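Text of coords-v8.txt (compact mmCIF, C-alpha atoms) as supplied:
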# COMPACT_ATOMS: atom_id res chain seq x y z
CA MET A 180 125.82 69.64 57.05
CA MET A 181 123.08 69.35 54.49
CA LYS A 182 125.42 67.87 51.92
CA LYS A 183 126.02 64.88 54.11
CA LEU A 184 122.37 64.75 55.12
CA ILE A 185 121.64 64.10 51.49
CA SER A 186 124.62 61.99 50.48
CA ILE A 187 124.37 59.71 53.49
CA ALA A 188 120.70 59.17 52.80
CA VAL A 189 121.65 58.26 49.22
CA LEU A 190 118.85 60.48 48.02
CA GLY A 191 120.24 61.06 44.55
CA ILE A 192 118.60 64.43 43.99
CA PHE A 193 120.34 67.79 44.02
CA LEU A 194 118.80 69.88 46.73
CA ILE A 195 118.64 73.60 46.79
CA GLY A 196 120.76 76.27 48.38
CA CYS A 197 122.37 75.17 51.60
CA LYS A 198 125.73 75.19 53.32
CA ALA A 199 127.87 72.08 53.29
CA SER A 200 128.06 70.36 56.64
CA LYS A 201 129.49 67.61 58.72
CA ARG A 202 126.84 64.92 59.21
CA THR A 203 127.05 61.23 59.83
CA THR A 204 124.03 58.96 59.69
CA HIS A 205 122.66 55.62 60.71
CA THR A 206 118.80 54.66 60.66
CA ASP A 207 114.85 55.21 61.51
CA ARG A 208 110.62 62.10 57.53
CA SER A 209 113.02 69.67 55.34
CA VAL A 210 115.06 73.12 53.96
CA GLN A 211 117.91 74.38 52.16
CA ARG A 212 120.48 72.80 50.58
CA GLU A 213 123.11 73.75 48.30
CA ALA A 214 124.20 70.68 46.50
CA LYS A 215 127.89 71.31 46.53
CA THR A 216 129.44 69.36 43.75
CA THR A 217 132.85 69.63 42.18
CA ASN A 218 131.49 72.73 40.51
CA GLU A 219 131.19 75.39 43.24
CA ASN A 220 128.99 77.52 40.98
CA THR A 221 126.33 74.86 40.50
CA ARG A 222 123.25 75.92 42.41
CA HIS A 223 119.75 74.55 42.20
CA THR A 224 116.80 76.85 42.77
CA TYR A 225 113.40 76.02 44.14
CA ALA A 226 109.93 76.97 42.92
CA SER A 227 108.67 80.46 43.69
CA THR A 228 106.20 78.92 46.09
CA GLY A 229 109.14 78.08 48.31
CA ARG A 230 108.12 74.45 48.45
CA TYR A 231 111.52 73.21 47.40
CA PRO A 232 111.54 69.66 46.03
CA LEU A 233 112.03 67.04 48.69
CA PRO A 234 114.23 64.08 47.88
CA GLU A 235 112.41 61.05 46.60
CA ASP A 236 111.73 58.55 49.36
CA ASP A 237 113.63 55.37 48.57
CA GLY A 238 111.73 53.44 51.23
CA LYS A 239 114.80 52.96 53.41
CA PHE A 240 114.99 54.23 56.96
CA LYS A 241 117.97 56.48 57.72
CA ARG A 242 119.30 56.80 61.26
CA PHE A 243 121.00 60.07 62.20
CA SER A 244 123.63 60.47 64.86
CA ILE A 245 123.78 64.00 66.29
CA GLY A 246 126.36 64.86 68.89
CA SER A 247 125.30 68.24 70.29
CA ALA A 248 122.82 71.10 70.16
CA GLU A 249 125.25 73.09 68.03
CA GLU A 250 125.52 70.24 65.54
CA TYR A 251 121.73 69.94 65.43
CA ILE A 252 121.39 73.66 64.69
CA ASP A 253 124.12 73.50 62.05
CA THR A 254 122.32 70.61 60.38
CA PHE A 255 118.75 71.91 60.37
CA SER A 256 118.96 75.73 60.53
CA GLU A 257 118.73 76.23 56.77
CA ILE A 258 115.96 73.66 56.46
CA SER A 259 114.04 75.73 59.01
CA GLN A 260 114.62 78.89 56.96
CA TYR A 261 113.26 77.34 53.80
CA GLU A 262 110.22 76.10 55.69
CA MET A 263 109.79 79.63 57.06
CA LYS A 264 109.91 81.04 53.54
CA ALA A 265 107.35 78.54 52.29
CA TYR A 266 104.96 78.38 55.23
CA GLY A 267 105.58 81.45 57.39
CA ILE A 268 106.58 79.63 60.57
CA PRO A 269 109.56 81.38 62.23
CA ALA A 270 112.74 79.37 61.72
CA SER A 271 113.62 80.01 65.35
CA ILE A 272 110.40 78.34 66.48
CA THR A 273 110.88 75.35 64.17
CA LEU A 274 114.45 74.86 65.37
CA ALA A 275 113.56 75.28 69.03
CA GLN A 276 110.72 72.78 68.73
CA GLY A 277 112.99 70.37 66.90
CA LEU A 278 115.64 70.66 69.60
CA LEU A 279 113.14 70.28 72.43
CA GLU A 280 110.89 67.57 71.01
CA SER A 281 113.75 65.44 69.66
CA GLY A 282 116.02 65.79 72.68
CA TYR A 283 118.63 67.52 70.51
CA GLY A 284 118.17 64.73 67.96
CA LYS A 285 119.18 62.09 70.49
CA GLY A 286 115.82 61.27 72.08
CA GLU A 287 114.41 57.75 71.81
CA LEU A 288 111.47 58.79 69.62
CA ALA A 289 113.66 60.82 67.23
CA VAL A 290 116.21 58.03 66.91
CA LYS A 291 113.71 55.30 66.10
CA THR A 292 111.27 57.34 63.98
CA ASN A 293 113.08 60.48 62.68
CA ASN A 294 110.10 62.31 64.20
CA HIS A 295 111.69 65.53 65.46
CA PHE A 296 108.45 67.28 66.49
CA GLY A 297 106.57 64.69 68.50
CA ILE A 298 103.69 64.60 66.02
CA LYS A 299 101.28 61.78 66.79
CA CYS A 300 99.50 59.73 64.15
CA HIS A 301 96.09 61.42 64.35
CA LYS A 302 93.12 60.44 62.22
CA GLY A 303 93.88 60.15 58.50
CA TRP A 304 97.61 59.47 58.83
CA GLN A 305 98.59 56.88 56.21
CA GLY A 306 102.35 56.87 56.64
CA ASP A 307 104.56 54.63 58.73
CA TYR A 308 104.31 54.80 62.52
CA ASP A 309 105.71 53.46 65.77
CA TYR A 310 104.58 53.31 69.37
CA HIS A 311 106.12 55.36 72.14
CA ASP A 312 105.21 56.18 75.74
CA ASP A 313 104.25 59.85 76.07
CA ASP A 314 101.23 61.32 77.87
CA GLU A 315 99.92 57.76 77.80
CA LYS A 316 101.62 54.43 77.36
CA GLY A 317 102.15 53.12 73.83
CA GLU A 318 100.89 56.13 71.86
CA CYS A 319 101.09 56.14 68.05
CA PHE A 320 103.67 58.51 66.53
CA ARG A 321 104.45 59.26 62.90
CA LYS A 322 107.58 57.71 61.49
CA TYR A 323 109.68 59.07 58.62
CA ASN A 324 112.49 57.60 56.58
CA HIS A 325 114.39 60.88 56.74
CA PRO A 326 114.28 63.91 59.09
CA MET A 327 113.57 66.23 56.11
CA TYR A 328 110.11 64.71 55.84
CA SER A 329 109.58 65.40 59.52
CA TYR A 330 110.34 69.09 58.98
CA ARG A 331 107.95 69.33 56.02
CA ASP A 332 105.22 67.48 57.90
CA HIS A 333 105.63 69.86 60.85
CA SER A 334 104.99 72.83 58.52
CA GLU A 335 101.94 71.18 56.96
CA PHE A 336 100.67 70.12 60.38
CA LEU A 337 100.62 73.71 61.67
CA THR A 338 99.26 75.26 58.47
CA SER A 339 96.48 72.72 57.86
CA ARG A 340 94.77 72.83 61.28
CA ALA A 341 92.39 75.64 62.16
CA ARG A 342 93.43 75.79 65.80
CA TYR A 343 96.86 77.12 64.81
CA ALA A 344 95.56 79.70 62.30
CA PHE A 345 95.78 82.65 64.71
CA LEU A 346 99.54 82.15 65.02
CA PHE A 347 100.05 83.39 61.48
CA ASN A 348 98.66 86.78 62.48
CA TYR A 349 101.77 87.29 64.58
CA GLY A 350 104.93 88.76 63.16
CA SER A 351 107.25 86.22 61.59
CA THR A 352 109.99 87.27 64.02
CA ASP A 353 107.80 87.43 67.14
CA TYR A 354 109.02 84.14 68.54
CA GLU A 355 107.72 84.88 72.06
CA ARG A 356 104.08 85.13 70.93
CA TRP A 357 104.53 82.07 68.72
CA ALA A 358 105.92 80.07 71.65
CA LYS A 359 103.02 81.06 73.91
CA GLY A 360 100.50 80.56 71.09
CA LEU A 361 101.62 76.99 70.44
CA ARG A 362 100.90 76.09 74.06
CA GLU A 363 97.59 77.95 73.92
CA ALA A 364 96.58 76.03 70.77
CA GLY A 365 97.34 72.73 72.48
CA TYR A 366 100.55 71.66 70.76
CA ALA A 367 101.94 70.53 74.10
CA THR A 368 100.52 69.81 77.54
CA ASP A 369 103.61 71.08 79.38
CA ARG A 370 102.72 74.41 81.02
CA LYS A 371 106.32 75.54 80.70
CA TYR A 372 106.48 74.73 76.99
CA PRO A 373 106.66 78.42 75.91
CA GLN A 374 109.41 79.20 78.41
CA LYS A 375 111.44 76.20 77.24
CA LEU A 376 111.18 77.27 73.59
CA ILE A 377 112.10 80.87 74.41
CA TYR A 378 115.04 79.69 76.52
CA LEU A 379 116.43 77.63 73.62
CA ILE A 380 115.89 80.46 71.13
CA GLU A 381 117.72 82.96 73.30
CA LYS A 382 120.45 80.63 74.53
CA TYR A 383 121.46 79.61 71.00
CA LYS A 384 120.41 82.91 69.34
CA LEU A 385 118.06 81.06 67.04
CA TYR A 386 116.27 84.32 66.27
CA ARG A 387 119.15 85.13 63.92
CA PHE A 388 117.74 82.60 61.46
CA ASP A 389 114.47 84.56 61.19
CA LYS A 390 116.18 87.64 59.81
CA GLY A 391 116.23 88.28 56.09
CA VAL A 392 113.83 85.48 55.17
CA ARG A 393 111.34 86.77 52.65
CA LEU A 394 108.04 84.95 53.02
CA ASP A 395 106.42 83.57 49.90
CA ASN A 396 102.99 84.97 50.78
CA ALA A 397 104.51 88.46 50.50
CA ILE A 398 105.83 87.62 47.05
CA VAL A 399 102.59 86.05 45.87
CA ALA A 400 100.56 88.98 47.14
CA ALA A 401 102.52 91.29 44.86
CA GLU A 402 101.89 89.15 41.80
CA PRO A 403 98.70 88.15 39.99
CA LYS A 404 97.53 84.71 41.03
CA VAL A 405 97.26 82.56 37.93
CA MET A 406 96.88 78.86 38.64
CA ALA A 407 95.43 76.06 36.58
CA ASN A 408 93.67 73.02 37.93
CA LYS A 409 95.98 70.09 38.40
CA VAL A 410 94.43 66.64 38.32
CA HIS A 411 95.96 63.32 39.31
CA VAL A 412 94.50 60.08 37.94
CA VAL A 413 94.68 57.36 40.58
CA LYS A 414 96.84 54.38 39.66
CA LYS A 415 97.29 51.01 41.33
CA GLY A 416 99.15 51.43 44.59
CA ASP A 417 98.24 55.11 45.04
CA THR A 418 97.14 56.33 48.45
CA LEU A 419 96.19 59.81 49.59
CA TYR A 420 99.44 59.91 51.48
CA SER A 421 101.58 59.00 48.46
CA ILE A 422 99.72 61.56 46.34
CA SER A 423 100.21 64.23 48.99
CA ARG A 424 103.94 63.52 49.05
CA ARG A 425 104.16 63.70 45.28
CA TYR A 426 102.51 67.11 45.00
CA PHE A 427 103.62 68.60 48.35
CA ILE A 428 100.10 69.05 49.65
CA SER A 429 98.59 67.70 52.86
CA VAL A 430 96.13 64.80 52.90
CA ASP A 431 93.58 67.03 54.65
CA GLU A 432 93.85 69.62 51.86
CA ILE A 433 93.34 66.98 49.14
CA LYS A 434 90.22 65.75 50.94
CA ARG A 435 88.91 69.29 51.37
CA ILE A 436 89.39 70.23 47.71
CA ASN A 437 87.73 67.01 46.53
CA ASN A 438 84.97 66.91 49.17
CA MET A 439 86.14 63.48 50.33
CA ASN A 440 84.83 61.95 53.54
CA SER A 441 87.13 58.92 53.53
CA ASN A 442 90.60 57.91 52.43
CA ASN A 443 89.35 55.33 49.93
CA LEU A 444 90.52 55.65 46.32
CA ALA A 445 89.54 53.85 43.11
CA ILE A 446 91.83 53.19 40.13
CA GLY A 447 91.06 55.77 37.44
CA GLN A 448 89.58 58.20 39.94
CA LYS A 449 90.49 61.84 39.23
CA ILE A 450 91.85 63.80 42.17
CA THR A 451 92.06 67.57 41.94
CA ILE A 452 95.30 68.79 43.48
CA GLN A 453 95.01 72.51 42.92
CA THR A 454 92.03 74.77 42.24
CA LYS A 455 92.05 77.84 40.04

Hey, can you dump this file as structure tokens for me?
Amino acid sequence: MMKKLISIAVLGIFLIGCKASKRTTHTDRSVQREAKTTNENTRHTYASTGRYPLPEDDGKFKRFSIGSAEEYIDTFSEISQYEMKAYGIPASITLAQGLLESGYGKGELAVKTNNHFGIKCHKGWQGDYDYHDDDEKGECFRKYNHPMYSYRDHSEFLTSRARYAFLFNYGSTDYERWAKGLREAGYATDRKYPQKLIYLIEKYKLYRFDKGVRLDNAIVAAEPKVMANKVHVVKKGDTLYSISRRYFISVDEIKRINNMNSNNLAIGQKITIQTK
């Protein structure tokens, strides 16, 4: 599935460890991948942080045609596992949210924006967007050129907002508490949101994708933390969003590290990406 996800998108980058799959695509923003080439033994690893390299955005919108819930799961299950490894969000929860919010990949919003998690623009969003009727008419939703970016943004969305912080105190396989916690934190207004997620997880046995995933925070905790400051010098055309995509860090985190109150940048300005 992932092989075609990549090849159809003409992404041109080998992606890490994933099963080959059966995907067809059309038009309208992540986890495993095993770039199966003619050499079956060729495998590409990802950094120990788990933040595997996303394909470079070629600026072209890719539309995905998904025929069923089973095909959706086959396509995005390994992506969800890599996101779980990197960010600690249960793969079962990510998959269930993707299924529910995207209408199994066939919903109007998902088709025209590749937004599989119903994430709205919110203050500070500098990426593409589109309007869609939701709780109110004509609301602003984030738009991605590829669903992989939607999966990565979902992980960063949950890990960069304080209201979701308590979720990470739950076990990484405790999908019931995660489902209820998402509703409690305000991810959705639907009172039956937790029950819907749990129903999908149990119907399709999505909990099986949580098993055996070793979280990166467990690995890091066992090793000495040695990091050097990383600095990006702003060039013409740079935005906080483009910088965040380049270094796999959220816009909010860049602003926090650099004590920035606005999104304005100046050519030659030095932006710290990582602190010691």

*Identify which of the residues A:Leu288, A:Ala270, A:Leu376, A:Ala341 lies closest to Phe255 in chain A, counting all atoms listed in the file when measuring atom-to-atom distances.*
A:Ala270

*Atom-to-atom span, CA of Lys299 in chain A and CA of Tyr378 in chain A, Å*: 24.6 Å

*Give me the residues within 8 Å of Leu278 in chain A as a ChimeraX atom specification, counting all atoms listed in the file and dropping any in the same chain fewer than 6 places off.*
/A:248,251,284,295

*asked:* My list of candidates is A:Gln448, A:Asn443, A:Ser421, A:Ser334. Which is closest to Tyr266 in chain A when distances are computed with only C-alpha atoms?
replied: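 Answer, going by the shortest atom-to-atom distance: A:Ser334.
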
*Determine the nearest neighbour of His325 in chain A from the options A:Asn294, A:Glu432, A:Gly391, A:Glu249, counting only C-alpha atoms.*
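The closest residue to His325 in chain A is A:Asn294.
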
*Hey, which of A:Phe336, A:Phe347, A:Tyr383, A:Tyr426 ends up closest to Ser271 in chain A? Count all atoms listed in the file.*
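Checking each of A:Phe336, A:Phe347, A:Tyr383, A:Tyr426 against Ser271 in chain A, counting all atoms listed in the file, the winner is A:Tyr383.
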
*Please provide as a list of chain:residue names all residues within 12 Å of Pro373 in chain A, with the sequence filter that same-chain residues fewer than 4 positions apart are discarded (counting only C-alpha atoms).*
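Returned residues: A:Ile272, A:Ala275, A:Gln276, A:Leu279, A:Tyr354, A:Glu355, A:Arg356, A:Trp357, A:Ala358, A:Lys359, A:Gly360, A:Leu361, A:Arg362, A:Glu363, A:Ala364, A:Gly365, A:Tyr366, A:Ala367, A:Thr368, A:Asp369, A:Ile377, A:Tyr378, A:Leu379, A:Ile380.
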
Okay, now the selection with C-alpha atoms, as a PDB file, in the frame of the given file?
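The result, stored in again.pdb:
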ATOM      1  CA  ILE A 272     110.400  78.340  66.480  1.00  0.00           C
ATOM      2  CA  ALA A 275     113.560  75.280  69.030  1.00  0.00           C
ATOM      3  CA  GLN A 276     110.720  72.780  68.730  1.00  0.00           C
ATOM      4  CA  LEU A 279     113.140  70.280  72.430  1.00  0.00           C
ATOM      5  CA  TYR A 354     109.020  84.140  68.540  1.00  0.00           C
ATOM      6  CA  GLU A 355     107.720  84.880  72.060  1.00  0.00           C
ATOM      7  CA  ARG A 356     104.080  85.130  70.930  1.00  0.00           C
ATOM      8  CA  TRP A 357     104.530  82.070  68.720  1.00  0.00           C
ATOM      9  CA  ALA A 358     105.920  80.070  71.650  1.00  0.00           C
ATOM     10  CA  LYS A 359     103.020  81.060  73.910  1.00  0.00           C
ATOM     11  CA  GLY A 360     100.500  80.560  71.090  1.00  0.00           C
ATOM     12  CA  LEU A 361     101.620  76.990  70.440  1.00  0.00           C
ATOM     13  CA  ARG A 362     100.900  76.090  74.060  1.00  0.00           C
ATOM     14  CA  GLU A 363      97.590  77.950  73.920  1.00  0.00           C
ATOM     15  CA  ALA A 364      96.580  76.030  70.770  1.00  0.00           C
ATOM     16  CA  GLY A 365      97.340  72.730  72.480  1.00  0.00           C
ATOM     17  CA  TYR A 366     100.550  71.660  70.760  1.00  0.00           C
ATOM     18  CA  ALA A 367     101.940  70.530  74.100  1.00  0.00           C
ATOM     19  CA  THR A 368     100.520  69.810  77.540  1.00  0.00           C
ATOM     20  CA  ASP A 369     103.610  71.080  79.380  1.00  0.00           C
ATOM     21  CA  ILE A 377     112.100  80.870  74.410  1.00  0.00           C
ATOM     22  CA  TYR A 378     115.040  79.690  76.520  1.00  0.00           C
ATOM     23  CA  LEU A 379     116.430  77.630  73.620  1.00  0.00           C
ATOM     24  CA  ILE A 380     115.890  80.460  71.130  1.00  0.00           C
TER      25      ILE A 380
END

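Counting from CA of Gly317 in chain A, the distance to CA of Asn440 in chain A is 28.1 Å.
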
*Work out how far apart CA of Tyr343 in chain A and CA of Met439 in chain A are and give it in Å to one decimal.*
22.6 Å

*Asp417 in chain A: which residues within 12 Å, counting only C-alpha atoms, same-chain residues fewer than 2 positions away excluded, as number ranges by chain?*
A: 305, 411-415, 419-425, 442-450

*In terms of the shortest atom-to-atom distance over all atoms listed in the file, which of A:Lys322, A:Lys409, A:Arg393, A:Arg342 is closest to Lys264 in chain A?*
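Residue with the minimum atom-to-atom distance to Lys264 in chain A: A:Arg393.
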
*So which one's closest to Gly303 in chain A, A:Tyr349, A:Gly277, A:Leu394, A:Arg321? Using all atoms listed in the file, please.*
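Comparing A:Tyr349, A:Gly277, A:Leu394, A:Arg321 against Gly303 in chain A, the winner is A:Arg321.
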
*Contacts of Tyr308 in chain A within 8 Å, only C-alpha atoms, excl. fewer than 5 positions in-chain, as number ranges by chain*: A: 292, 300, 319-323

Generate a file of the selected residues that holds C-alpha atoms, formatted as a PDB file, in the frame of the given file.
ATOM      1  CA  THR A 292     111.270  57.340  63.980  1.00  0.00           C
ATOM      2  CA  CYS A 300      99.500  59.730  64.150  1.00  0.00           C
ATOM      3  CA  CYS A 319     101.090  56.140  68.050  1.00  0.00           C
ATOM      4  CA  PHE A 320     103.670  58.510  66.530  1.00  0.00           C
ATOM      5  CA  ARG A 321     104.450  59.260  62.900  1.00  0.00           C
ATOM      6  CA  LYS A 322     107.580  57.710  61.490  1.00  0.00           C
ATOM      7  CA  TYR A 323     109.680  59.070  58.620  1.00  0.00           C
TER       8      TYR A 323
END
